[in-house]
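Enquirer: Pasting a structure below so you can have a look.
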Amino acid sequence: MPISHRSLVRTIAMVMFAGVSSLLLTELSTAAANDEAAPSVTVRYHDLNLNSPQGVASLYGRIRGAAEQVCRSMESRDLTRKAEWQQCFNHAVADAVRTVNNAPLSAYHWQRIRGWKHRDIETPTTVASR
């Protein structure tokens with residue numbers, strides 16, 4: 001019995017869906033296992049006013065302290081491990097700032113990672129004048 005074009009497309013789609021579904025389930029279970037194994041620290045900030053520079057700076061300090069705790073197992077004098085620790089720390093801080101979802105905190109973080117002395121391109125400079 002000849003197979004119609006529509007039946008063939010359905011069969012291919014079902015096989016592809018089954019393959020993709022099993023791949024996604026494998027990846028999701030691996031990700032869940034990794035998330036369960038990943039250390040975490042809860043940072044409370046209900047006592048802070050995130051509309052004030054002091055409150056934002058205080059929360060940022062708490063986030064950095066929590067990131068140090070989370071990444072503590074990676075601390076080492078070995079340069080490779082030190083780079084891994086720095087990557088863990090930076091990622092943990094950025095994730096926490098993103099999770100809080102507060103514009104002043106995000107701006108503070110952005111300023112910190114760019115560096116305090118960074119100059120904007122739009123800032124005019126004078127080369128010399130008499």
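Order determines the names: the first chain of the structure tokens is A, the second B, and so forth; residues in each chain are numbered 1 upward, and ligands are numbered 1 upward as they are shown.
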With a distance cut-off of 7 Å and only C-alpha atoms, select the neighbouring residues of stretch 69-78 of chain A, excluding the residue or stretch itself and same-chain residues fewer than 5 positions from it, and output the selection as a PyMOL selection string.
Expert: chain A and resi 39-41+85+88-89
Enquirer: For A:Ala107, which residue out of A:Pro53, A:Arg62, A:His46, A:Gln86 is the nearest one, using only C-alpha atoms?
Expert: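 Counting only C-alpha atoms, the residue closest to A:Ala107 is A:Pro53.
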Enquirer: Using atom CA of A:Leu59 and atom CA of A:Glu84 as the two end points, give the distance in Å to one decimal.
Expert: 24.3 Å
